[in-house]
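Here's my_file08.cif, which has mmCIF, C-alpha atoms:
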data_target
#
loop_
_atom_site.group_PDB
_atom_site.id
_atom_site.type_symbol
_atom_site.label_atom_id
_atom_site.label_comp_id
_atom_site.auth_asym_id
_atom_site.auth_seq_id
_atom_site.Cartn_x
_atom_site.Cartn_y
_atom_site.Cartn_z
ATOM 1 C CA MET A 51 -39.401 -20.209 -28.134
ATOM 2 C CA LYS A 52 -38.413 -19.846 -31.774
ATOM 3 C CA THR A 53 -36.037 -16.995 -32.485
ATOM 4 C CA PRO A 54 -35.569 -15.192 -35.815
ATOM 5 C CA LEU A 55 -32.846 -16.502 -38.080
ATOM 6 C CA ARG A 56 -29.579 -14.593 -38.218
ATOM 7 C CA TYR A 57 -27.742 -12.500 -40.758
ATOM 8 C CA GLN A 58 -23.986 -12.540 -41.122
ATOM 9 C CA ILE A 59 -22.089 -9.648 -39.574
ATOM 10 C CA THR A 60 -19.045 -9.746 -41.881
ATOM 11 C CA GLU A 61 -18.472 -10.490 -45.540
ATOM 12 C CA PHE A 62 -17.118 -13.933 -44.627
ATOM 13 C CA ASP A 63 -19.190 -15.622 -41.896
ATOM 14 C CA CYS A 64 -21.975 -17.125 -44.034
ATOM 15 C CA GLY A 65 -20.820 -20.674 -43.208
ATOM 16 C CA SER A 66 -20.890 -20.136 -39.452
ATOM 17 C CA VAL A 67 -24.209 -18.288 -39.541
ATOM 18 C CA SER A 68 -25.909 -20.811 -41.841
ATOM 19 C CA LEU A 69 -24.898 -23.711 -39.601
ATOM 20 C CA LEU A 70 -26.185 -21.850 -36.538
ATOM 21 C CA ASN A 71 -29.386 -21.058 -38.438
ATOM 22 C CA CYS A 72 -29.943 -24.773 -39.079
ATOM 23 C CA ILE A 73 -29.862 -25.380 -35.320
ATOM 24 C CA THR A 74 -32.072 -22.330 -34.673
ATOM 25 C CA TYR A 75 -34.580 -23.485 -37.297
ATOM 26 C CA LEU A 76 -34.922 -26.974 -35.808
ATOM 27 C CA PHE A 77 -34.904 -26.173 -32.090
ATOM 28 C CA ASP A 78 -36.385 -23.699 -29.660
ATOM 29 C CA ARG A 79 -33.930 -21.328 -28.012
ATOM 30 C CA GLU A 80 -34.102 -23.045 -24.615
ATOM 31 C CA GLU A 81 -33.239 -26.437 -26.175
ATOM 32 C CA ILE A 82 -29.956 -25.347 -27.800
ATOM 33 C CA PRO A 83 -26.841 -26.177 -25.770
ATOM 34 C CA ALA A 84 -24.154 -23.509 -25.533
ATOM 35 C CA GLU A 85 -21.500 -26.158 -26.254
ATOM 36 C CA LEU A 86 -22.953 -26.654 -29.734
ATOM 37 C CA VAL A 87 -22.925 -22.923 -30.502
ATOM 38 C CA LYS A 88 -19.344 -22.683 -29.246
ATOM 39 C CA ALA A 89 -18.195 -25.595 -31.443
ATOM 40 C CA ILE A 90 -19.704 -24.128 -34.605
ATOM 41 C CA SER A 91 -18.076 -20.784 -33.834
ATOM 42 C CA THR A 92 -14.737 -22.449 -33.070
ATOM 43 C CA TYR A 93 -14.418 -24.734 -36.090
ATOM 44 C CA THR A 94 -15.683 -22.445 -38.859
ATOM 45 C CA LEU A 95 -14.152 -19.312 -40.428
ATOM 46 C CA ASP A 96 -10.964 -21.320 -40.836
ATOM 47 C CA CYS A 97 -9.656 -20.038 -44.177
ATOM 48 C CA TYR A 98 -6.730 -17.625 -44.425
ATOM 49 C CA ASP A 99 -6.252 -15.116 -47.227
ATOM 50 C CA ALA A 100 -2.962 -14.555 -49.118
ATOM 51 C CA HIS A 101 -1.844 -12.134 -46.385
ATOM 52 C CA GLY A 102 -2.374 -14.588 -43.527
ATOM 53 C CA ASN A 103 -5.622 -13.036 -42.282
ATOM 54 C CA LEU A 104 -7.851 -15.645 -40.633
ATOM 55 C CA GLY A 105 -11.440 -15.910 -41.786
ATOM 56 C CA GLN A 106 -11.042 -13.567 -44.740
ATOM 57 C CA LYS A 107 -11.958 -16.367 -47.126
ATOM 58 C CA GLY A 108 -14.742 -17.831 -44.999
ATOM 59 C CA THR A 109 -15.287 -21.448 -44.078
ATOM 60 C CA SER A 110 -13.693 -24.401 -45.840
ATOM 61 C CA ARG A 111 -15.422 -27.540 -47.030
ATOM 62 C CA GLU A 112 -13.210 -29.487 -44.628
ATOM 63 C CA ALA A 113 -14.514 -27.438 -41.692
ATOM 64 C CA VAL A 114 -18.131 -28.038 -42.710
ATOM 65 C CA LYS A 115 -17.462 -31.757 -43.076
ATOM 66 C CA TYR A 116 -15.743 -31.834 -39.682
ATOM 67 C CA ILE A 117 -18.420 -29.867 -37.827
ATOM 68 C CA SER A 118 -21.122 -32.101 -39.331
ATOM 69 C CA ARG A 119 -19.428 -35.160 -37.822
ATOM 70 C CA TRP A 120 -18.830 -33.276 -34.563
ATOM 71 C CA ILE A 121 -22.527 -32.351 -34.254
ATOM 72 C CA SER A 122 -23.620 -35.967 -34.859
ATOM 73 C CA ASP A 123 -21.080 -37.257 -32.302
ATOM 74 C CA PHE A 124 -22.158 -34.587 -29.803
ATOM 75 C CA SER A 125 -25.792 -35.550 -30.323
ATOM 76 C CA ASN A 126 -25.044 -39.221 -29.662
ATOM 77 C CA LYS A 127 -23.022 -38.506 -26.508
ATOM 78 C CA LYS A 128 -25.369 -35.871 -25.078
ATOM 79 C CA ASP A 129 -28.657 -37.298 -26.418
ATOM 80 C CA PHE A 130 -29.365 -33.960 -28.095
ATOM 81 C CA GLY A 131 -31.624 -35.243 -30.871
ATOM 82 C CA ILE A 132 -30.061 -34.137 -34.145
ATOM 83 C CA LYS A 133 -28.515 -35.968 -37.067
ATOM 84 C CA CYS A 134 -26.250 -34.429 -39.709
ATOM 85 C CA LYS A 135 -25.268 -35.997 -42.990
ATOM 86 C CA TYR A 136 -22.569 -34.370 -45.126
ATOM 87 C CA LEU A 137 -22.874 -34.967 -48.883
ATOM 88 C CA ALA A 138 -20.609 -33.787 -51.690
ATOM 89 C CA GLY A 139 -20.367 -34.079 -55.456
ATOM 90 C CA GLU A 140 -22.603 -36.747 -57.004
ATOM 91 C CA GLU A 141 -23.953 -37.701 -53.554
ATOM 92 C CA VAL A 142 -25.949 -34.445 -53.612
ATOM 93 C CA THR A 143 -29.301 -35.122 -55.270
ATOM 94 C CA ILE A 144 -32.596 -33.275 -55.308
ATOM 95 C CA ASP A 145 -34.309 -36.435 -53.999
ATOM 96 C CA LYS A 146 -32.100 -36.483 -50.870
ATOM 97 C CA ILE A 147 -32.726 -32.775 -50.301
ATOM 98 C CA LYS A 148 -36.490 -33.237 -50.717
ATOM 99 C CA LYS A 149 -36.540 -36.227 -48.367
ATOM 100 C CA CYS A 150 -34.730 -34.253 -45.673
ATOM 101 C CA LEU A 151 -37.047 -31.241 -46.026
ATOM 102 C CA LYS A 152 -40.240 -33.299 -46.176
ATOM 103 C CA SER A 153 -39.273 -35.010 -42.907
ATOM 104 C CA GLY A 154 -39.080 -31.605 -41.187
ATOM 105 C CA GLY A 155 -35.341 -31.070 -41.589
ATOM 106 C CA CYS A 156 -33.313 -28.343 -43.228
ATOM 107 C CA VAL A 157 -30.267 -28.237 -45.494
ATOM 108 C CA ASN A 158 -27.054 -26.249 -45.219
ATOM 109 C CA LEU A 159 -25.993 -25.608 -48.816
ATOM 110 C CA ARG A 160 -22.932 -24.192 -50.528
ATOM 111 C CA THR A 161 -24.152 -22.092 -53.433
ATOM 112 C CA TYR A 162 -22.890 -18.977 -55.175
ATOM 113 C CA GLN A 163 -23.055 -15.210 -55.140
ATOM 114 C CA THR A 164 -19.992 -13.579 -56.661
ATOM 115 C CA ILE A 165 -18.073 -16.233 -54.671
ATOM 116 C CA GLU A 166 -19.091 -19.494 -53.014
ATOM 117 C CA HIS A 167 -21.682 -18.831 -50.321
ATOM 118 C CA TYR A 168 -23.538 -20.820 -47.642
ATOM 119 C CA VAL A 169 -27.316 -20.630 -47.178
ATOM 120 C CA MET A 170 -30.010 -22.731 -45.506
ATOM 121 C CA VAL A 171 -32.858 -24.424 -47.392
ATOM 122 C CA THR A 172 -36.061 -24.905 -45.386
ATOM 123 C CA GLY A 173 -38.670 -25.872 -47.969
ATOM 124 C CA ILE A 174 -39.325 -27.094 -51.484
ATOM 125 C CA ASP A 175 -42.344 -27.695 -53.677
ATOM 126 C CA ASP A 176 -42.924 -28.381 -57.379
ATOM 127 C CA ASN A 177 -42.090 -24.805 -58.362
ATOM 128 C CA TYR A 178 -39.905 -23.191 -55.692
ATOM 129 C CA VAL A 179 -37.152 -23.664 -53.150
ATOM 130 C CA TYR A 180 -37.362 -21.652 -49.906
ATOM 131 C CA ILE A 181 -34.009 -20.390 -48.654
ATOM 132 C CA TRP A 182 -32.663 -18.360 -45.762
ATOM 133 C CA ASP A 183 -29.793 -16.289 -47.109
ATOM 134 C CA PRO A 184 -27.715 -14.879 -44.229
ATOM 135 C CA TYR A 185 -26.420 -12.063 -46.460
ATOM 136 C CA PHE A 186 -28.819 -9.179 -45.875
ATOM 137 C CA ARG A 187 -30.019 -7.455 -49.024
ATOM 138 C CA GLU A 188 -32.914 -5.157 -49.756
ATOM 139 C CA ILE A 189 -36.037 -6.706 -51.276
ATOM 140 C CA SER A 190 -35.709 -4.266 -54.169
ATOM 141 C CA ASP A 191 -32.392 -5.927 -55.140
ATOM 142 C CA TYR A 192 -34.447 -8.801 -56.585
ATOM 143 C CA LYS A 193 -37.276 -6.794 -58.166
ATOM 144 C CA SER A 194 -36.181 -7.433 -61.740
ATOM 145 C CA ASN A 195 -34.957 -11.014 -61.143
ATOM 146 C CA LYS A 196 -37.302 -13.550 -62.740
ATOM 147 C CA ASN A 197 -35.767 -16.517 -60.869
ATOM 148 C CA ILE A 198 -35.387 -15.164 -57.327
ATOM 149 C CA SER A 199 -37.639 -13.102 -55.091
ATOM 150 C CA ALA A 200 -37.014 -11.775 -51.593
ATOM 151 C CA THR A 201 -39.268 -11.438 -48.581
ATOM 152 C CA LEU A 202 -38.917 -10.310 -44.977
ATOM 153 C CA ASP A 203 -42.259 -11.835 -43.921
ATOM 154 C CA PHE A 204 -40.938 -15.180 -42.606
ATOM 155 C CA PRO A 205 -38.050 -14.427 -40.191
ATOM 156 C CA THR A 206 -37.996 -17.972 -38.768
ATOM 157 C CA LYS A 207 -38.200 -19.791 -42.116
ATOM 158 C CA TYR A 208 -36.949 -18.120 -45.308
ATOM 159 C CA ASN A 209 -36.145 -14.829 -47.005
ATOM 160 C CA ARG A 210 -35.583 -15.959 -50.617
ATOM 161 C CA ILE A 211 -37.872 -17.866 -52.974
ATOM 162 C CA VAL A 212 -36.025 -19.466 -55.889
ATOM 163 C CA LYS A 213 -37.496 -21.145 -58.956
ATOM 164 C CA ILE A 214 -36.744 -24.861 -58.885
ATOM 165 C CA ASP A 215 -35.182 -24.884 -62.380
ATOM 166 C CA HIS A 216 -32.771 -22.141 -61.349
ATOM 167 C CA PHE A 217 -31.900 -24.001 -58.115
ATOM 168 C CA LEU A 218 -31.113 -27.185 -60.067
ATOM 169 C CA SER A 219 -28.776 -25.383 -62.484
ATOM 170 C CA ASN A 220 -25.238 -26.702 -62.993
ATOM 171 C CA LYS A 221 -24.039 -23.124 -63.484
ATOM 172 C CA LYS A 222 -22.358 -21.088 -60.740
ATOM 173 C CA THR A 223 -25.321 -18.762 -60.288
ATOM 174 C CA GLU A 224 -26.863 -17.318 -57.145
ATOM 175 C CA PHE A 225 -28.775 -19.989 -55.181
ATOM 176 C CA SER A 226 -28.050 -22.817 -57.627
ATOM 177 C CA LEU A 227 -26.611 -26.209 -56.742
ATOM 178 C CA GLY A 228 -23.922 -25.510 -59.327
ATOM 179 C CA PRO A 229 -21.489 -27.932 -60.988
ATOM 180 C CA VAL A 230 -22.032 -31.493 -59.765
ATOM 181 C CA ASN A 231 -18.404 -31.992 -58.699
ATOM 182 C CA LYS A 232 -18.536 -28.822 -56.537
ATOM 183 C CA ARG A 233 -21.826 -29.513 -54.763
ATOM 184 C CA GLU A 234 -21.889 -29.652 -50.976
ATOM 185 C CA VAL A 235 -24.785 -29.968 -48.526
ATOM 186 C CA VAL A 236 -25.389 -30.966 -44.940
ATOM 187 C CA LEU A 237 -28.746 -32.568 -44.241
ATOM 188 C CA PHE A 238 -30.038 -31.715 -40.737
ATOM 189 C CA ASN A 239 -32.834 -33.704 -39.109
ATOM 190 C CA LYS A 240 -34.226 -33.886 -35.598
ATOM 191 C CA VAL A 241 -34.273 -37.415 -34.186
ATOM 192 C CA CYS A 242 -36.092 -38.903 -31.238
ATOM 193 C CA LYS A 243 -34.072 -38.779 -28.060
ATOM 194 C CA LYS A 244 -33.210 -42.082 -26.419
#
Turn this file's structure into structure tokens for me.
Amino acid sequence: MKTPLRYQITEFDCGSVSLLNCITYLFDREEIPAELVKAISTYTLDCYDAHGNLGQKGTSREAVKYISRWISDFSNKKDFGIKCKYLAGEEVTIDKIKKCLKSGGCVNLRTYQTIEHYVMVTGIDDNYVYIWDPYFREISDYKSNKNISATLDFPTKYNRIVKIDHFLSNKKTEFSLGPVNKREVVLFNKVCKK
């Protein structure tokens, strides 16, 4: 059974929640091993603030890179049926994102709000990118935004619709890929079990 995608419960757990949402998006609830959920929860929210408070700065790029490798290794050992590919900087291209999405996958993406922020991309077409943003906001927050709209009608797929030109921007704007040297994605795909 498919379950609705999750929202973050703190100001800082977007990385953890977006990674869990990628698993939730690809698999039915009864297919998801608890060990995978535990690993994502264990290895994310690893950044400390200036006062030594854990998790107050979210999840690091290193943690996302590590958990991506961990998930692929876990899948190989347990025959789980998922493949993750971490890409950064110039490796991140719209063609690679499209290929992943068109094959039924999803993409964990570091984008921006007022700070860096993780979301999940589940679809793309010639005009729009379909995103699940784990940071809950009212639909009215996007009423006057010409590049982004919000919806609550697709709880297992997406809650933001972003114009493709805005998504491809090199600027640090909400739901954009941002500067090339700062880009980071994880491509998630289901694979046939052995």
**OP:** Starting from the shown file, work through the PyMOL selection byres ((chain A and resi 130) around 10) and note down what comes out as a VMD selection string.
**Re:** chain A and resid 81 to 83 86 121 to 129 131 to 133 240 to 244
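The nearest approach to Lys149 of chain A among the residues A:Tyr162, A:Ile174, A:Arg56, A:Asn195, with all atoms listed in the file taken into account, belongs to A:Ile174.
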Original post:
Counting all atoms listed in the file, what is within 8 Å of Lys232 of chain A, bar same-chain residues fewer than 2 positions away, as a PyMOL selection string?
Top reply: chain A and resi 138-139+228-230+234
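Counting all atoms listed in the file and comparing A:Phe62, A:Ser226, A:Ile165, A:Ile73, the residue that lies closest to Tyr98 of chain A is A:Phe62.
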**OP:** Evaluate the PyMOL selection byres ((chain A and resi 109) around 7) and record the selected residues as a ChimeraX atom specification, following the chain and residue labels used in the document.
**Re:** /A:65,94-97,107-108,110-111,113
Write the residues of the preceding selection, restricted to C-alpha atoms, as a CSV table (one decimal), in the frame of the given file.
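So selection_25.csv came out as:
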chain,number,residue,atom,x,y,z
A,65,GLY,CA,-20.8,-20.7,-43.2
A,94,THR,CA,-15.7,-22.4,-38.9
A,95,LEU,CA,-14.2,-19.3,-40.4
A,96,ASP,CA,-11.0,-21.3,-40.8
A,97,CYS,CA,-9.7,-20.0,-44.2
A,107,LYS,CA,-12.0,-16.4,-47.1
A,108,GLY,CA,-14.7,-17.8,-45.0
A,110,SER,CA,-13.7,-24.4,-45.8
A,111,ARG,CA,-15.4,-27.5,-47.0
A,113,ALA,CA,-14.5,-27.4,-41.7
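Minimum atom-to-atom distance to Val235 of chain A, evaluated using all atoms listed in the file, belongs to A:Leu137 out of A:Leu69, A:Leu202, A:Ile214, A:Leu137.
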Original post:
Expressed in Å to a single decimal, how great is the separation between atom CA of Val171 of chain A and atom CA of Asn197 of chain A?
Top reply: 15.9 Å
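Distance annotation: of A:Ala89, A:Val169, A:Val212, A:Leu218, the residue with the minimal separation from Val142 of chain A is A:Leu218; atom set is all atoms listed in the file.
Of the listed residues A:Leu237, A:Ile59, A:Cys156, A:Ile144, the one whose atoms come nearest to Tyr185 of chain A is A:Ile59, with distances taken using all atoms listed in the file.
Computed from the coordinates, the atom CA of Lys52 of chain A to atom CA of Pro205 of chain A distance equals 10.0 Å.
Shortest separation to Phe77 of chain A among A:Ala200, A:Tyr116, A:Val236, A:Thr53 occurs at residue A:Thr53, atoms counted being only C-alpha atoms.
Note that atom CA of Ser199 of chain A and atom CA of Tyr178 of chain A are 10.4 Å apart.
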Using all atoms of segment 196-214 of chain A that appear in the file, construct an axis-aligned enclosing box with 5 Å of padding on every side and provide its centre coordinates and edge lengths in Å, rounded to one decimal, as AutoDock Vina command-line options.
--center_x -38.8 --center_y -17.6 --center_z -50.8 --size_x 16.9 --size_y 24.6 --size_z 34.0
**OP:** Return as number ranges by chain the set of residues that the PyMOL selection byres ((chain A and resi 54) around 12) yields on the displayed structure.
**Re:** A: 51-53, 55-57, 70-79, 182, 184, 202-209
Could segment 89-107 of chain A be completed with N, CA and C atoms and written as a PDB file, keeping the file's coordinate frame, please?
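This went into out_37.pdb:
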ATOM      1  N   ALA A  89     -18.917 -24.751 -30.485  1.00  0.00           N
ATOM      2  CA  ALA A  89     -18.195 -25.595 -31.443  1.00  0.00           C
ATOM      3  C   ALA A  89     -18.320 -25.055 -32.864  1.00  0.00           C
ATOM      4  N   ILE A  90     -19.512 -24.672 -33.256  1.00  0.00           N
ATOM      5  CA  ILE A  90     -19.704 -24.128 -34.605  1.00  0.00           C
ATOM      6  C   ILE A  90     -18.856 -22.871 -34.773  1.00  0.00           C
ATOM      7  N   SER A  91     -18.871 -22.018 -33.769  1.00  0.00           N
ATOM      8  CA  SER A  91     -18.076 -20.784 -33.834  1.00  0.00           C
ATOM      9  C   SER A  91     -16.575 -21.072 -33.860  1.00  0.00           C
ATOM     10  N   THR A  92     -16.154 -22.107 -33.162  1.00  0.00           N
ATOM     11  CA  THR A  92     -14.737 -22.449 -33.070  1.00  0.00           C
ATOM     12  C   THR A  92     -14.186 -23.060 -34.353  1.00  0.00           C
ATOM     13  N   TYR A  93     -14.948 -23.949 -34.977  1.00  0.00           N
ATOM     14  CA  TYR A  93     -14.418 -24.734 -36.090  1.00  0.00           C
ATOM     15  C   TYR A  93     -14.687 -24.153 -37.476  1.00  0.00           C
ATOM     16  N   THR A  94     -15.415 -23.059 -37.551  1.00  0.00           N
ATOM     17  CA  THR A  94     -15.683 -22.445 -38.859  1.00  0.00           C
ATOM     18  C   THR A  94     -14.827 -21.184 -39.005  1.00  0.00           C
ATOM     19  N   LEU A  95     -14.982 -20.480 -40.119  1.00  0.00           N
ATOM     20  CA  LEU A  95     -14.152 -19.312 -40.428  1.00  0.00           C
ATOM     21  C   LEU A  95     -12.675 -19.668 -40.319  1.00  0.00           C
ATOM     22  N   ASP A  96     -12.307 -20.756 -40.977  1.00  0.00           N
ATOM     23  CA  ASP A  96     -10.964 -21.320 -40.836  1.00  0.00           C
ATOM     24  C   ASP A  96     -10.028 -21.001 -41.995  1.00  0.00           C
ATOM     25  N   CYS A  97     -10.489 -20.303 -43.006  1.00  0.00           N
ATOM     26  CA  CYS A  97      -9.656 -20.038 -44.177  1.00  0.00           C
ATOM     27  C   CYS A  97      -8.857 -18.744 -44.027  1.00  0.00           C
ATOM     28  N   TYR A  98      -7.616 -18.790 -44.447  1.00  0.00           N
ATOM     29  CA  TYR A  98      -6.730 -17.625 -44.425  1.00  0.00           C
ATOM     30  C   TYR A  98      -6.623 -17.044 -45.831  1.00  0.00           C
ATOM     31  N   ASP A  99      -6.492 -15.730 -45.928  1.00  0.00           N
ATOM     32  CA  ASP A  99      -6.252 -15.116 -47.227  1.00  0.00           C
ATOM     33  C   ASP A  99      -4.746 -15.118 -47.536  1.00  0.00           C
ATOM     34  N   ALA A 100      -4.363 -14.556 -48.669  1.00  0.00           N
ATOM     35  CA  ALA A 100      -2.962 -14.555 -49.118  1.00  0.00           C
ATOM     36  C   ALA A 100      -2.041 -13.772 -48.175  1.00  0.00           C
ATOM     37  N   HIS A 101      -2.629 -12.938 -47.322  1.00  0.00           N
ATOM     38  CA  HIS A 101      -1.844 -12.134 -46.385  1.00  0.00           C
ATOM     39  C   HIS A 101      -1.816 -12.724 -44.973  1.00  0.00           C
ATOM     40  N   GLY A 102      -2.374 -13.928 -44.828  1.00  0.00           N
ATOM     41  CA  GLY A 102      -2.374 -14.588 -43.527  1.00  0.00           C
ATOM     42  C   GLY A 102      -3.473 -14.144 -42.593  1.00  0.00           C
ATOM     43  N   ASN A 103      -4.510 -13.488 -43.111  1.00  0.00           N
ATOM     44  CA  ASN A 103      -5.622 -13.036 -42.282  1.00  0.00           C
ATOM     45  C   ASN A 103      -6.654 -14.144 -42.140  1.00  0.00           C
ATOM     46  N   LEU A 104      -6.902 -14.574 -40.923  1.00  0.00           N
ATOM     47  CA  LEU A 104      -7.851 -15.645 -40.633  1.00  0.00           C
ATOM     48  C   LEU A 104      -9.274 -15.219 -40.946  1.00  0.00           C
ATOM     49  N   GLY A 105     -10.029 -16.138 -41.553  1.00  0.00           N
ATOM     50  CA  GLY A 105     -11.440 -15.910 -41.786  1.00  0.00           C
ATOM     51  C   GLY A 105     -11.768 -15.051 -42.983  1.00  0.00           C
ATOM     52  N   GLN A 106     -10.768 -14.485 -43.638  1.00  0.00           N
ATOM     53  CA  GLN A 106     -11.042 -13.567 -44.740  1.00  0.00           C
ATOM     54  C   GLN A 106     -11.483 -14.283 -46.008  1.00  0.00           C
ATOM     55  N   LYS A 107     -11.452 -15.582 -45.995  1.00  0.00           N
ATOM     56  CA  LYS A 107     -11.958 -16.367 -47.126  1.00  0.00           C
ATOM     57  C   LYS A 107     -13.085 -17.288 -46.683  1.00  0.00           C
TER      58      LYS A 107
END
